[in-house]
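Enquirer: Got work09.tsv for you, TSV, C-alpha atoms:
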chain	number	residue	atom	x	y	z
A	1098	MET	CA	68.58	39.07	111.03
A	1099	ILE	CA	69.23	35.90	113.02
A	1100	ALA	CA	69.88	35.90	116.74
A	1101	VAL	CA	70.33	32.84	118.96
A	1102	PHE	CA	69.28	32.57	122.60
A	1103	LEU	CA	69.25	29.99	125.38
A	1104	LEU	CA	66.13	28.24	126.65
A	1105	ALA	CA	65.72	26.29	129.90
A	1106	GLY	CA	63.11	25.36	132.47
A	1107	CYS	CA	62.46	27.66	135.42
A	1108	GLY	CA	60.40	27.07	138.55
A	1109	GLN	CA	58.60	29.51	140.79
A	1110	PRO	CA	60.96	32.08	142.39
A	1111	GLN	CA	61.62	31.89	146.09
A	1112	SER	CA	62.51	35.13	147.85
A	1113	ALA	CA	66.14	35.29	148.93
A	1114	GLN	CA	65.80	38.45	150.99
A	1115	PRO	CA	63.07	40.59	152.57
A	1116	THR	CA	61.34	42.73	149.96
A	1117	ALA	CA	59.94	46.22	150.12
A	1118	THR	CA	56.77	47.30	148.38
A	1119	THR	CA	56.69	49.96	145.70
A	1120	PRO	CA	53.68	52.30	145.53
A	1121	HIS	CA	50.87	50.69	143.52
A	1122	ALA	CA	49.97	53.87	141.65
A	1123	PRO	CA	53.05	55.80	140.45
A	1124	VAL	CA	52.84	59.56	140.00
A	1125	ASN	CA	53.92	61.15	136.74
A	1126	TYR	CA	56.36	63.99	137.35
A	1127	GLY	CA	57.44	64.08	133.72
A	1128	ASN	CA	56.29	67.62	133.04
A	1129	ALA	CA	58.59	69.32	135.54
A	1130	LYS	CA	60.05	72.51	134.13
A	1131	PRO	CA	63.83	73.01	134.21
A	1132	VAL	CA	65.10	75.47	136.80
A	1133	ALA	CA	67.05	78.35	135.27
A	1134	ASN	CA	69.04	79.27	138.38
A	1135	LYS	CA	71.49	76.45	139.03
A	1136	PRO	CA	72.60	76.09	142.66
A	1137	PHE	CA	76.05	74.86	141.66
A	1138	LYS	CA	79.14	75.92	139.74
A	1139	ILE	CA	80.09	73.97	136.63
A	1140	GLY	CA	83.72	73.26	135.85
A	1141	THR	CA	85.03	71.49	132.74
A	1142	VAL	CA	87.70	68.92	133.64
A	1143	ALA	CA	88.37	67.12	130.32
A	1144	THR	CA	86.75	66.20	126.99
A	1145	PHE	CA	86.26	62.81	125.36
A	1146	ASP	CA	85.04	61.07	122.22
A	1147	THR	CA	81.61	59.65	123.05
A	1148	PRO	CA	82.19	58.93	126.75
A	1149	TRP	CA	79.89	56.49	128.52
A	1150	ALA	CA	80.80	55.91	132.17
A	1151	LEU	CA	83.27	56.81	134.91
A	1152	ALA	CA	84.50	55.17	138.09
A	1153	PHE	CA	86.59	56.59	140.93
A	1154	LEU	CA	89.75	54.95	142.23
A	1155	PRO	CA	90.81	55.23	145.90
A	1156	ASP	CA	93.34	57.98	145.06
A	1157	ARG	CA	90.50	60.02	143.47
A	1158	THR	CA	91.70	59.51	139.93
A	1159	MET	CA	89.02	58.25	137.55
A	1160	LEU	CA	88.53	55.70	134.82
A	1161	VAL	CA	86.44	56.96	131.88
A	1162	THR	CA	85.19	54.77	129.03
A	1163	GLU	CA	84.72	55.91	125.45
A	1164	LYS	CA	82.31	53.93	123.26
A	1165	PRO	CA	84.79	53.49	120.35
A	1166	GLY	CA	86.86	51.28	122.68
A	1167	HIS	CA	89.15	53.52	124.73
A	1168	LEU	CA	89.67	53.64	128.48
A	1169	TRP	CA	91.31	56.63	130.15
A	1170	LEU	CA	92.90	57.20	133.54
A	1171	VAL	CA	92.00	60.79	134.44
A	1172	THR	CA	93.20	63.06	137.23
A	1173	GLN	CA	90.90	65.53	138.95
A	1174	ALA	CA	92.88	68.27	137.23
A	1175	GLY	CA	92.01	66.79	133.83
A	1176	GLY	CA	95.20	64.93	132.94
A	1177	LYS	CA	94.46	61.93	130.67
A	1178	THR	CA	96.47	58.75	130.10
A	1179	GLU	CA	95.09	55.98	127.90
A	1180	VAL	CA	94.88	52.54	129.50
A	1181	GLY	CA	96.29	49.63	127.49
A	1182	GLY	CA	94.92	46.12	127.22
A	1183	VAL	CA	91.29	47.08	126.54
A	1184	PRO	CA	89.30	44.31	124.80
A	1185	THR	CA	88.08	44.63	121.22
A	1186	VAL	CA	84.56	46.02	121.06
A	1187	HIS	CA	81.92	46.32	118.35
A	1188	PHE	CA	81.41	50.08	118.12
A	1189	GLU	CA	78.20	50.68	116.20
A	1190	GLY	CA	74.88	52.25	117.13
A	1191	GLN	CA	74.33	51.75	120.84
A	1192	GLY	CA	77.22	49.27	121.13
A	1193	GLY	CA	80.83	49.80	122.15
A	1194	LEU	CA	82.80	50.05	125.37
A	1195	LEU	CA	80.15	50.74	128.01
A	1196	PHE	CA	80.39	50.59	131.80
A	1197	VAL	CA	83.37	50.56	134.14
A	1198	ALA	CA	83.40	49.78	137.86
A	1199	THR	CA	86.04	49.10	140.48
A	1200	SER	CA	85.76	45.87	142.45
A	1201	PRO	CA	84.75	46.04	146.14
A	1202	THR	CA	88.16	44.43	146.72
A	1203	PHE	CA	90.11	46.90	144.56
A	1204	GLY	CA	92.24	48.02	147.51
A	1205	ARG	CA	93.95	44.64	147.67
A	1206	ASP	CA	93.65	43.22	144.14
A	1207	ARG	CA	93.23	46.25	141.81
A	1208	GLN	CA	90.44	44.48	139.90
A	1209	ILE	CA	88.09	46.43	137.65
A	1210	TYR	CA	85.03	45.37	135.65
A	1211	LEU	CA	84.09	46.42	132.11
A	1212	THR	CA	80.97	45.82	130.04
A	1213	TYR	CA	80.95	46.12	126.26
A	1214	SER	CA	79.41	44.83	123.04
A	1215	GLU	CA	81.55	41.84	122.12
A	1216	PRO	CA	81.83	41.00	118.40
A	1217	GLY	CA	81.64	37.42	117.19
A	1218	GLU	CA	79.78	34.90	115.10
A	1219	GLY	CA	76.23	36.01	114.38
A	1220	GLY	CA	76.64	39.61	115.56
A	1221	ASP	CA	77.50	40.91	118.99
A	1222	GLY	CA	76.46	40.46	122.60
A	1223	LEU	CA	76.90	42.06	125.99
A	1224	ALA	CA	80.09	40.92	127.73
A	1225	LEU	CA	81.26	41.40	131.32
A	1226	ALA	CA	85.03	41.27	131.80
A	1227	ARG	CA	87.32	41.55	134.80
A	1228	ALA	CA	90.97	42.62	134.73
A	1229	ARG	CA	93.76	43.91	136.96
A	1230	LEU	CA	94.73	47.58	136.55
A	1231	ASP	CA	98.53	47.78	136.75
A	1232	MET	CA	101.29	50.21	135.87
A	1233	VAL	CA	103.72	48.82	133.28
A	1234	GLY	CA	106.61	51.00	132.19
A	1235	GLY	CA	104.96	53.95	133.89
A	1236	ARG	CA	101.68	53.55	131.97
A	1237	PRO	CA	98.35	52.03	133.05
A	1238	VAL	CA	97.41	48.70	131.49
A	1239	LEU	CA	94.78	46.01	132.00
A	1240	GLN	CA	96.29	42.61	132.70
A	1241	ASN	CA	94.82	39.10	132.96
A	1242	LEU	CA	91.58	40.26	131.37
A	1243	GLN	CA	88.92	37.55	131.46
A	1244	VAL	CA	85.35	37.56	130.17
A	1245	ILE	CA	83.38	36.20	133.13
A	1246	TRP	CA	79.87	36.49	131.63
A	1247	ARG	CA	78.60	36.95	128.09
A	1248	GLN	CA	75.30	37.02	126.28
A	1249	LEU	CA	75.34	33.99	124.01
A	1250	PRO	CA	74.61	33.32	121.27
A	1251	ARG	CA	75.24	36.75	119.82
A	1252	GLY	CA	72.86	38.63	117.55
A	1253	GLN	CA	71.63	41.99	116.32
A	1254	GLY	CA	70.10	45.03	118.02
A	1255	GLY	CA	70.94	47.81	120.46
A	1256	GLN	CA	69.83	48.36	124.07
A	1257	PHE	CA	72.59	46.37	125.75
A	1258	GLY	CA	72.11	47.66	129.30
A	1259	GLY	CA	75.47	46.75	130.85
A	1260	TYR	CA	75.25	48.71	134.13
A	1261	ILE	CA	76.84	47.26	137.27
A	1262	ALA	CA	76.14	47.67	140.98
A	1263	PHE	CA	77.72	45.77	143.87
A	1264	SER	CA	75.71	44.61	146.86
A	1265	PRO	CA	76.34	46.68	150.01
A	1266	ASP	CA	78.25	43.76	151.57
A	1267	GLY	CA	80.52	43.59	148.49
A	1268	GLN	CA	79.79	39.91	147.85
A	1269	TYR	CA	77.64	40.09	144.73
A	1270	LEU	CA	77.47	41.89	141.39
A	1271	PHE	CA	74.20	43.02	139.81
A	1272	LEU	CA	74.24	43.42	136.01
A	1273	THR	CA	71.55	44.93	133.77
A	1274	SER	CA	70.96	43.12	130.48
A	1275	GLY	CA	68.82	44.97	127.94
A	1276	GLU	CA	66.34	43.25	125.65
A	1277	ARG	CA	68.30	44.19	122.50
A	1278	GLN	CA	65.18	45.64	120.80
A	1279	ARG	CA	63.65	42.16	120.55
A	1280	PHE	CA	60.63	42.53	122.85
A	1281	THR	CA	59.63	38.99	123.84
A	1282	PRO	CA	62.93	37.77	125.38
A	1283	ALA	CA	62.31	40.15	128.28
A	1284	GLN	CA	59.42	37.88	129.36
A	1285	ASP	CA	61.19	34.59	128.61
A	1286	PRO	CA	62.62	33.24	131.89
A	1287	ASP	CA	65.15	31.22	129.90
A	1288	GLN	CA	66.80	34.13	128.07
A	1289	ALA	CA	69.19	36.59	129.69
A	1290	LEU	CA	67.81	39.54	127.72
A	1291	GLY	CA	65.60	42.04	129.54
A	1292	LYS	CA	66.81	40.93	132.97
A	1293	ILE	CA	68.77	42.08	135.98
A	1294	LEU	CA	71.22	39.35	136.91
A	1295	ARG	CA	72.79	38.67	140.30
A	1296	LEU	CA	76.24	37.10	140.04
A	1297	THR	CA	79.22	36.31	142.21
A	1298	LEU	CA	82.30	38.49	141.72
A	1299	ASP	CA	83.58	35.71	139.44
A	1300	GLY	CA	80.52	35.96	137.18
A	1301	LYS	CA	78.78	32.78	138.35
A	1302	PRO	CA	75.09	32.52	139.37
A	1303	ALA	CA	74.80	33.84	142.93
A	1304	PRO	CA	73.47	31.57	145.66
A	1305	GLY	CA	70.00	32.53	146.85
A	1306	ASN	CA	68.76	33.67	143.44
A	1307	PRO	CA	65.12	32.77	142.69
A	1308	GLY	CA	66.21	30.11	140.18
A	1309	ALA	CA	69.32	28.92	142.04
A	1310	GLY	CA	70.46	25.50	140.86
A	1311	LYS	CA	68.28	25.45	137.74
A	1312	VAL	CA	70.09	24.71	134.46
A	1313	GLY	CA	68.40	24.38	131.09
A	1314	GLY	CA	69.34	22.53	127.97
A	1315	THR	CA	67.70	24.07	124.90
A	1316	THR	CA	68.73	26.97	122.70
A	1317	ILE	CA	66.15	28.96	120.75
A	1318	ARG	CA	66.90	30.92	117.59
A	1319	ILE	CA	64.59	33.89	116.96
A	1320	ILE	CA	64.42	35.93	113.76
A	1321	ASP	CA	63.12	39.29	114.91
A	1322	PRO	CA	61.94	42.37	113.02
A	1323	PRO	CA	63.25	45.80	114.05
A	1324	GLU	CA	61.62	47.37	117.10
A	1325	ASN	CA	59.72	49.94	115.03
A	1326	SER	CA	57.98	47.22	112.98
A	1327	GLY	CA	54.22	46.81	113.18
A	1328	SER	CA	52.46	44.10	115.13
A	1329	ALA	CA	52.03	41.88	112.06
A	1330	ALA	CA	55.78	41.74	111.45
A	1331	LYS	CA	56.39	40.90	115.10
A	1332	ALA	CA	53.88	38.08	114.95
A	1333	ALA	CA	55.61	36.65	111.85
A	1334	ALA	CA	58.97	36.18	113.60
A	1335	ARG	CA	60.19	32.61	113.03
A	1336	THR	CA	61.79	30.35	115.61
A	1337	ALA	CA	63.80	27.14	115.68
A	1338	THR	CA	65.45	25.15	118.48
A	1339	ILE	CA	68.83	23.45	118.88
A	1340	PRO	CA	70.38	21.82	121.96
A	1341	GLY	CA	72.67	23.77	124.27
A	1342	PRO	CA	73.30	24.51	127.96
A	1343	ASN	CA	71.90	27.57	129.75
A	1344	LEU	CA	72.44	29.08	133.21
A	1345	THR	CA	70.06	32.04	132.79
A	1346	PRO	CA	67.41	30.86	135.30
A	1347	ALA	CA	70.06	30.56	137.99
A	1348	GLU	CA	71.42	34.05	137.25
A	1349	THR	CA	68.18	36.05	137.06
A	1350	TRP	CA	67.13	38.41	139.87
A	1351	THR	CA	64.30	40.29	138.09
A	1352	THR	CA	62.70	40.18	134.65
A	1353	GLY	CA	60.66	42.28	132.22
A	1354	HIS	CA	63.13	45.13	131.61
A	1355	ARG	CA	63.56	47.09	128.38
A	1356	ASN	CA	66.70	49.22	128.36
A	1357	PRO	CA	68.10	49.58	131.91
A	1358	TYR	CA	70.59	52.45	131.91
A	1359	GLY	CA	71.11	53.06	135.62
A	1360	LEU	CA	71.58	50.86	138.70
A	1361	ALA	CA	72.47	51.91	142.25
A	1362	PHE	CA	71.91	51.09	145.91
A	1363	ASP	CA	70.63	53.74	148.31
A	1364	ALA	CA	71.89	54.23	151.87
A	1365	GLN	CA	69.19	51.85	153.17
A	1366	GLY	CA	70.45	49.03	150.96
A	1367	ARG	CA	67.58	49.20	148.45
A	1368	LEU	CA	68.41	48.66	144.78
A	1369	TRP	CA	67.02	51.12	142.22
A	1370	GLU	CA	67.09	51.09	138.43
A	1371	THR	CA	66.39	53.65	135.70
A	1372	GLU	CA	64.96	52.32	132.45
A	1373	MET	CA	64.17	53.86	129.09
A	1374	GLY	CA	60.62	53.41	127.89
A	1375	PRO	CA	59.61	53.47	124.19
A	1376	ARG	CA	57.61	56.60	123.26
A	1377	GLY	CA	56.95	57.65	126.83
A	1378	GLY	CA	57.11	55.65	130.01
A	1379	ASP	CA	60.69	56.09	131.24
A	1380	GLU	CA	60.88	54.45	134.66
A	1381	LEU	CA	62.53	54.54	138.04
A	1382	ASN	CA	62.09	51.10	139.60
A	1383	LEU	CA	62.67	49.75	143.07
A	1384	ILE	CA	64.22	46.38	142.30
A	1385	GLU	CA	62.70	43.56	144.35
A	1386	VAL	CA	63.84	39.96	144.03
A	1387	GLY	CA	61.80	37.78	141.70
A	1388	LYS	CA	59.55	40.59	140.44
A	1389	ASN	CA	58.46	41.04	136.81
A	1390	TYR	CA	58.56	44.67	135.62
A	1391	GLY	CA	56.29	44.06	132.67
A	1392	TRP	CA	58.10	44.87	129.42
A	1393	PRO	CA	56.89	44.43	126.68
A	1394	ASN	CA	53.43	43.48	127.96
A	1395	THR	CA	52.84	46.71	129.82
A	1396	SER	CA	54.22	50.24	129.79
A	1397	TYR	CA	53.19	53.85	130.38
A	1398	GLY	CA	54.50	54.59	126.88
A	1399	LYS	CA	53.52	53.36	123.41
A	1400	ASN	CA	55.38	51.65	120.57
A	1401	TYR	CA	57.34	53.59	117.96
A	1402	ASP	CA	54.79	52.55	115.32
A	1403	ASP	CA	52.20	54.38	117.47
A	1404	THR	CA	50.43	51.23	118.61
A	1405	PRO	CA	49.39	51.45	122.26
A	1406	ILE	CA	50.78	49.40	125.14
A	1407	VAL	CA	48.38	48.67	127.96
A	1408	PRO	CA	49.42	50.10	131.36
A	1409	SER	CA	49.63	47.61	134.20
A	1410	THR	CA	46.47	46.84	136.15
A	1411	ALA	CA	45.95	45.36	139.59
A	1412	GLY	CA	46.26	41.59	139.52
A	1413	ALA	CA	48.23	41.47	136.26
A	1414	GLY	CA	51.31	40.19	138.09
A	1415	PHE	CA	53.61	43.03	137.01
A	1416	GLN	CA	55.49	45.38	139.29
A	1417	GLU	CA	54.60	49.06	138.88
A	1418	PRO	CA	57.37	51.62	138.41
A	1419	ALA	CA	57.96	53.73	141.48
A	1420	LEU	CA	58.10	56.79	139.20
A	1421	TYR	CA	57.65	57.28	135.46
A	1422	TRP	CA	58.04	60.12	132.98
A	1423	ASN	CA	55.82	61.30	130.12
A	1424	PRO	CA	57.26	62.86	128.04
A	1425	VAL	CA	60.50	60.95	128.31
A	1426	ILE	CA	63.72	62.19	129.88
A	1427	ALA	CA	65.78	59.33	128.36
A	1428	PRO	CA	67.52	58.47	131.65
A	1429	ALA	CA	71.20	57.52	131.61
A	1430	GLY	CA	72.99	56.95	134.87
A	1431	LEU	CA	71.79	56.91	138.46
A	1432	ALA	CA	73.68	57.99	141.59
A	1433	PHE	CA	72.69	58.51	145.21
A	1434	TYR	CA	74.21	61.46	147.04
A	1435	ASN	CA	75.40	61.35	150.66
A	1436	GLY	CA	78.29	63.83	150.55
A	1437	ASN	CA	79.07	66.99	152.49
A	1438	MET	CA	79.35	69.59	149.71
A	1439	PHE	CA	75.55	69.68	149.20
A	1440	PRO	CA	74.13	68.63	152.60
A	1441	GLN	CA	70.60	69.63	151.52
A	1442	TRP	CA	70.69	66.83	148.93
A	1443	ARG	CA	71.75	63.93	151.12
A	1444	GLY	CA	69.57	60.93	150.35
A	1445	SER	CA	68.59	62.27	146.92
A	1446	ALA	CA	69.20	60.42	143.67
A	1447	PHE	CA	70.52	62.11	140.54
A	1448	VAL	CA	69.65	60.98	137.02
A	1449	GLY	CA	71.23	62.11	133.78
A	1450	GLY	CA	68.87	63.02	130.94
A	1451	LEU	CA	69.75	62.44	127.29
A	1452	ALA	CA	66.70	63.63	125.32
A	1453	SER	CA	65.89	66.08	128.12
A	1454	THR	CA	69.47	67.47	128.21
A	1455	ALA	CA	69.00	67.71	131.94
A	1456	LEU	CA	70.22	66.75	135.38
A	1457	ILE	CA	67.31	65.54	137.49
A	1458	ARG	CA	67.18	65.32	141.28
A	1459	VAL	CA	64.83	62.74	142.76
A	1460	ALA	CA	63.82	63.07	146.42
A	1461	PHE	CA	62.33	60.29	148.53
A	1462	ASP	CA	59.57	60.02	151.10
A	1463	GLY	CA	60.57	56.64	152.45
A	1464	ALA	CA	60.46	54.36	149.40
A	1465	SER	CA	58.29	56.81	147.41
A	1466	PRO	CA	60.29	58.93	144.94
A	1467	ARG	CA	59.33	62.25	143.40
A	1468	GLU	CA	61.09	64.48	140.92
A	1469	ALA	CA	62.23	67.43	143.03
A	1470	GLU	CA	64.29	69.54	140.63
A	1471	ARG	CA	65.46	69.58	137.03
A	1472	TRP	CA	68.25	71.67	135.57
A	1473	ASP	CA	68.77	72.24	131.85
A	1474	MET	CA	72.44	71.39	131.18
A	1475	GLY	CA	72.39	72.33	127.50
A	1476	ALA	CA	73.76	68.92	126.47
A	1477	ARG	CA	72.83	65.24	126.64
A	1478	ILE	CA	73.95	63.90	130.02
A	1479	ARG	CA	75.29	60.36	129.70
A	1480	ALA	CA	76.51	59.67	133.26
A	1481	VAL	CA	76.32	61.10	136.76
A	1482	MET	CA	78.39	60.11	139.79
A	1483	ALA	CA	78.76	61.38	143.34
A	1484	GLY	CA	82.49	61.86	143.82
A	1485	PRO	CA	84.55	61.18	146.95
A	1486	ASP	CA	85.21	64.95	147.11
A	1487	GLY	CA	81.48	65.63	147.62
A	1488	ALA	CA	81.06	67.09	144.13
A	1489	LEU	CA	78.74	65.77	141.44
A	1490	TRP	CA	80.55	64.54	138.33
A	1491	LEU	CA	78.80	64.36	134.94
A	1492	LEU	CA	79.70	63.10	131.49
A	1493	GLU	CA	78.17	64.69	128.42
A	1494	ASP	CA	77.24	62.43	125.52
A	1495	GLY	CA	78.73	62.50	122.03
A	1496	THR	CA	81.89	63.69	120.32
A	1497	GLY	CA	83.62	66.26	122.49
A	1498	GLY	CA	81.58	65.23	125.52
A	1499	ARG	CA	82.87	66.97	128.61
A	1500	LEU	CA	83.63	65.66	132.06
A	1501	LEU	CA	81.99	68.20	134.37
A	1502	ARG	CA	82.51	68.82	138.09
A	1503	LEU	CA	79.56	70.44	139.86
A	1504	THR	CA	80.49	72.21	143.09
A	1505	SER	CA	78.75	74.38	145.65
A	1506	LYS	CA	78.60	78.09	144.99
A	1507	ARG	CA	79.69	78.52	148.61
A	1508	GLY	CA	83.05	76.95	147.84
A	1509	GLY	CA	84.64	73.69	146.73
How does this structure look as structure tokens?

Expert:
Amino acid sequence: MIAVFLLAGCGQPQSAQPTATTPHAPVNYGNAKPVANKPFKIGTVATFDTPWALAFLPDRTMLVTEKPGHLWLVTQAGGKTEVGGVPTVHFEGQGGLLFVATSPTFGRDRQIYLTYSEPGEGGDGLALARARLDMVGGRPVLQNLQVIWRQLPRGQGGQFGGYIAFSPDGQYLFLTSGERQRFTPAQDPDQALGKILRLTLDGKPAPGNPGAGKVGGTTIRIIDPPENSGSAAKAAARTATIPGPNLTPAETWTTGHRNPYGLAFDAQGRLWETEMGPRGGDELNLIEVGKNYGWPNTSYGKNYDDTPIVPSTAGAGFQEPALYWNPVIAPAGLAFYNGNMFPQWRGSAFVGGLASTALIRVAFDGASPREAERWDMGARIRAVMAGPDGALWLLEDGTGGRLLRLTSKRGG
């Protein structure tokens, strides 16, 4: 398969904000046993066809995406109305309609953001779109939809990423871009794959990024083998170059990511990311500007063809995960809790588990995380959100995936 990427020069990053320091030696909490006695009640609100993400509106209704390309406006009682004007998506494998988020300025402009796999010449690519959510004839519809960032040129592969988080001041948008099962682009500073990008709300490179002002002018075409190919096939991948513009260096915040499926700020303004490893090595990362998180050069997992990957060592120049899991949990979604319904969990993070069919609570000692509790949910958990009502809201993966509301057994 042929995929085309952008190549440009990139200088040394300059820090745009004070950075914290993650622990040098992460601790593996991946063997925690699920707790049988759940300290919450589980209520089913609605069901969906392969749901992916949800976002709350100020009136406490929700937007829920379905991978085949549907967007729903959902009440807390479970009423569902399909939203019109959704862009065409390429629904196949890991692609489709992915993340949804409301703008920090939603109260005055009713803007929402969507990420999805956008079909086109040569395959598909991650796209970030912005639109206004209006009521037309009594039904919700997206109007003035505009793609404000896209992965170009398009190509093959899964692992799109596509998660969004807004800076605490509401000025900037952080976007995860997966490496599309292509390995090496995650370490190429001139390709958007395997990166976390920092953009303005209009999708432009944000001022103060490590590569601010840098623009490249070469496009590279890479013919890649599938991810489960052996090392010889990877080494035989062919390349060619053709001219073309590229803003990737000016957009990039961090590099060396594999499949980032969770992104959220904590109450202290620190940005965290959950990332799927290969066979082992799922990660929780504290995202620090300009850092390289190592994929595919280092991991606490190994390749699908059973070849080893060397863990990071001191002086290698890669940022250690703050926490990793072996065996994997297959993390999907990340939310920090600061509500009143579960006061004992304030400051904790919650992670959905796909392969682990679990909800995982992560506690923090300063900037050092630890897995505190794990509950077997009996289904793949695709998304987790802390609702404005203080409840935890979960989406199950797959056909018939339920929207669940987790409430205190003491009431709520």

Enquirer: Go through A:Arg1279, A:Arg1467, A:Arg1367, A:Arg1355 and flag the residue nearest A:Leu1420, using all atoms listed in the file for the distances.

Expert: A:Arg1467

Enquirer: With all atoms listed in the file as the counted atoms, please give the residues lying no more than 9 Å from A:Thr1349, apart from itself and same-chain residues fewer than 2 positions off, as a list in words.

Expert: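 The residues satisfying every condition are Pro1286, Ala1289, Lys1292, Ile1293, Leu1294, Arg1295, Leu1296, Pro1302, Asn1306, Pro1307, Gly1308, Ala1309, Thr1345, Pro1346, Ala1347, Thr1351, Thr1352 and Gly1387 of chain A.
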
Enquirer: Can you pull out every residue within 6 Å of stretch 1141-1151 of chain A, counting all atoms listed in the file, but drop anything in the same chain fewer than 5 positions away, and send it as a list in words?

Expert: Leu1160, Val1161, Thr1162, Glu1163, Lys1164, Gly1175, Leu1195, Phe1196, Ala1480, Asp1494, Gly1495, Thr1496, Gly1497, Gly1498, Arg1499, Leu1500 and Leu1501 of chain A

Enquirer: Any idea what the distance is between atom CA of A:Lys1301 and atom CA of A:Asp1221?

Expert: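 Pair atom CA of A:Lys1301 / atom CA of A:Asp1221 returns 21.0 Å.
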
Enquirer: Mind pulling up the distance from atom CA of A:Gly1192 to atom CA of A:Gly1219?

Expert: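 Atom CA of A:Gly1192 lies at a distance of 14.9 Å from atom CA of A:Gly1219.
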
Enquirer: Excluding A:Pro1201 and residues on its chain fewer than 3 positions from it, collect all residues at most 10 Å away from it, counting all atoms listed in the file, and give them as a PyMOL selection string.

Expert: chain A and resi 1198+1204-1209+1263-1270+1298

Enquirer: What lies within 10 Å of A:Leu1211 using all atoms listed in the file, ignoring chain neighbours under 4 positions off, as a VMD selection string?

Expert: chain A and resid 1162 1168 1183 to 1184 1194 to 1199 1224 to 1228 1242 1244 1259 to 1261

Enquirer: Report, in Å with one decimal, the straight-line distance from atom CA of A:Asn1382 to atom CA of A:Ala1464.

Expert: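 One can read the atom CA of A:Asn1382 to atom CA of A:Ala1464 distance as 10.5 Å.
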
Enquirer: Residues within 10 Å of (72.2, 56.3, 128.7), file coordinates, counting all atoms listed in the file: what are they? Give the list as a PyMOL selection string.

Expert: chain A and resi 1149-1150+1191+1195+1256+1258+1260+1356-1359+1371-1373+1427-1431+1448-1452+1477-1480+1494
